[in-house]
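Q: Can you read through this structure? Questions will come right after.
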Amino acid sequence: MNRIKKYCSEFIGTMVLVFMGCGSAVFLGCDPNGGHLAVALAFGLSIVAMAYVIGSVSGCHINPAVSLAMFLRKKLGVLDFVGYVVAQIVGAIAGAGLIKLLLSFGLTDLTGGLGSNGIANAGGIGGALTVEVILTFIFVLVILGVTSDESKGSVAGVVIGLTLTFVHIVGIPLTGTSVNPARSIGPALFAGGDALANVWVFIVGPLAGAVLAFLVYSFLRNKKVS
């Protein structure tokens, strides 16, 4: 039963992240005169809110890249890793589905693609991959750092949320910011077209960034290093 509660928590958390984050992009737009920052804050505040709701149940990963890093740190077993990722992807699809539902009432999608990610502004596939690896590396490195010390538990959600906000501030004009394969898969399934064709970039990039963050963090924390 505890395992089911964890998966349900990851489903709910990811659904909220996608609905609030991508929803803010869809309904507010991402123009540089305020919309950009508002969307970044929506993603970050979603993490903060969910951290204090489901953090004690599942750890509030709500991101396959984060779960991969925790799996590599041996904080998750194989079964839980698979369960978390499945729950996150399904949650992201549900979140995107809720946005699609609202659009069916005649509202306008200011992104033209349900807040899905893109490669054009980053200079193509190579640029987008590089952006996502760098941003996810920073994001996951902070998560590994702040969650490794139990004394920081009370502020961990705020720190992680603020970090997600500032990586979005840089990443929104370039790729729309993924740093989260589930967040990319959900909207892309509904948007189709180039968003779906290029979604692999936003799976590979964040996962590679998470592995790199784990390796660097492990090196920095190695007590044998002089």
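Identifiers in this document derive from the order of the structure tokens: chains are assigned A, B, ..., residues are numbered from 1 separately in each chain, and ligands are numbered from 1 in order of occurrence.
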Just the helix (DSSP H, G or I) stuff from region 119-200 of chain A, please, per backbone DSSP, written as JSON, numbers by chain.
A: {"A": [120, 121, 122, 125, 126, 127, 128, 129, 130, 131, 132, 133, 134, 135, 136, 137, 138, 139, 140, 141, 142, 143, 144, 145, 146, 147, 150, 151, 152, 153, 154, 155, 156, 157, 158, 159, 160, 161, 162, 163, 164, 165, 166, 167, 168, 169, 170, 171, 181, 182, 183, 184, 185, 186, 187, 188, 189, 190, 191, 193, 194, 195, 196, 197]}
Q: Given only C-alpha atoms as the basis, pick out the residue of A:Val199, A:Ile172, A:Asp194, A:Val179 nearest to Ala40 (chain A).
A: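 That would be A:Ile172, the residue with the smallest distance to Ala40 (chain A).
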Q: Select from region 27-99 of chain A every residue with an atom at most 12 Å from any atom of region 137-143 of chain A, then for each give the shortest pair of atoms and their distance in Å to one decimal, using only C-alpha atoms, rows by chain and rising number, as CSV.
A:
residue,atom,partner,partner_atom,distance
A:Gly44,CA,A:Phe139,CA,11.4
A:Ile47,CA,A:Ile143,CA,11.8
A:Gly59,CA,A:Ile143,CA,11.0
A:Cys60,CA,A:Ile143,CA,11.0
A:His61,CA,A:Ile143,CA,9.6
A:Asn63,CA,A:Val140,CA,10.1
A:Pro64,CA,A:Val140,CA,10.9
A:Ala65,CA,A:Val140,CA,7.7
A:Val66,CA,A:Val140,CA,6.3
A:Ser67,CA,A:Val140,CA,9.8
A:Leu68,CA,A:Val140,CA,9.9
A:Ala69,CA,A:Val140,CA,7.5
A:Met70,CA,A:Val140,CA,9.7
Q: Would you export the selected residues with N, CA, C and O atoms as a tab-separated table (two decimals), in the first residue's frame, please?
A:
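Below is the file out_15.tsv, written as the result:
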chain	number	residue	atom	x	y	z
A	44	GLY	N	8.24	26.79	-10.79
A	44	GLY	CA	8.95	26.72	-9.52
A	44	GLY	C	8.01	26.62	-8.33
A	44	GLY	O	8.24	25.81	-7.41
A	47	ILE	N	6.57	23.18	-7.76
A	47	ILE	CA	7.47	22.28	-7.04
A	47	ILE	C	7.40	22.56	-5.54
A	47	ILE	O	7.34	21.64	-4.71
A	59	GLY	N	8.94	11.73	-1.81
A	59	GLY	CA	10.14	12.50	-2.06
A	59	GLY	C	9.92	13.61	-3.07
A	59	GLY	O	10.79	14.42	-3.31
A	60	CYS	N	8.73	13.62	-3.68
A	60	CYS	CA	8.36	14.64	-4.67
A	60	CYS	C	9.39	14.78	-5.78
A	60	CYS	O	9.92	15.85	-6.03
A	61	HIS	N	9.66	13.66	-6.46
A	61	HIS	CA	10.57	13.72	-7.61
A	61	HIS	C	9.87	14.42	-8.78
A	61	HIS	O	10.43	15.32	-9.40
A	63	ASN	N	9.64	13.90	-11.73
A	63	ASN	CA	10.56	14.13	-12.85
A	63	ASN	C	11.42	12.87	-13.02
A	63	ASN	O	12.17	12.52	-12.11
A	64	PRO	N	11.35	12.20	-14.17
A	64	PRO	CA	12.16	11.00	-14.38
A	64	PRO	C	13.66	11.24	-14.25
A	64	PRO	O	14.40	10.33	-13.85
A	65	ALA	N	14.11	12.44	-14.57
A	65	ALA	CA	15.54	12.75	-14.44
A	65	ALA	C	15.96	12.74	-12.98
A	65	ALA	O	17.04	12.24	-12.63
A	66	VAL	N	15.11	13.28	-12.13
A	66	VAL	CA	15.39	13.26	-10.69
A	66	VAL	C	15.35	11.83	-10.16
A	66	VAL	O	16.21	11.42	-9.38
A	67	SER	N	14.36	11.07	-10.59
A	67	SER	CA	14.26	9.68	-10.16
A	67	SER	C	15.47	8.87	-10.62
A	67	SER	O	15.96	7.99	-9.89
A	68	LEU	N	15.98	9.16	-11.82
A	68	LEU	CA	17.17	8.47	-12.30
A	68	LEU	C	18.36	8.77	-11.39
A	68	LEU	O	19.12	7.86	-11.04
A	69	ALA	N	18.52	10.03	-11.03
A	69	ALA	CA	19.63	10.40	-10.14
A	69	ALA	C	19.50	9.69	-8.79
A	69	ALA	O	20.49	9.21	-8.23
A	70	MET	N	18.28	9.61	-8.27
A	70	MET	CA	18.07	8.93	-6.99
A	70	MET	C	18.28	7.42	-7.11
A	70	MET	O	18.76	6.77	-6.18
Q: Find the residues near Gly176 (chain A): any atom within 10 Å, counting only C-alpha atoms, skip ones fewer than 2 places away on the same chain, and give them as a list in words.
A: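 Listing them by chain and then by number gives Cys22, Ala25, Cys30, His36, Val39, Ala40, Thr111, Gly115, Ser116, Asn117, Gly118, Ile119, Asn121, Ala122, Ala128, Glu132, His168, Ile169, Val170, Gly171, Ile172, Pro173, Leu174, Ser178, Val179 and Ser184 of chain A.
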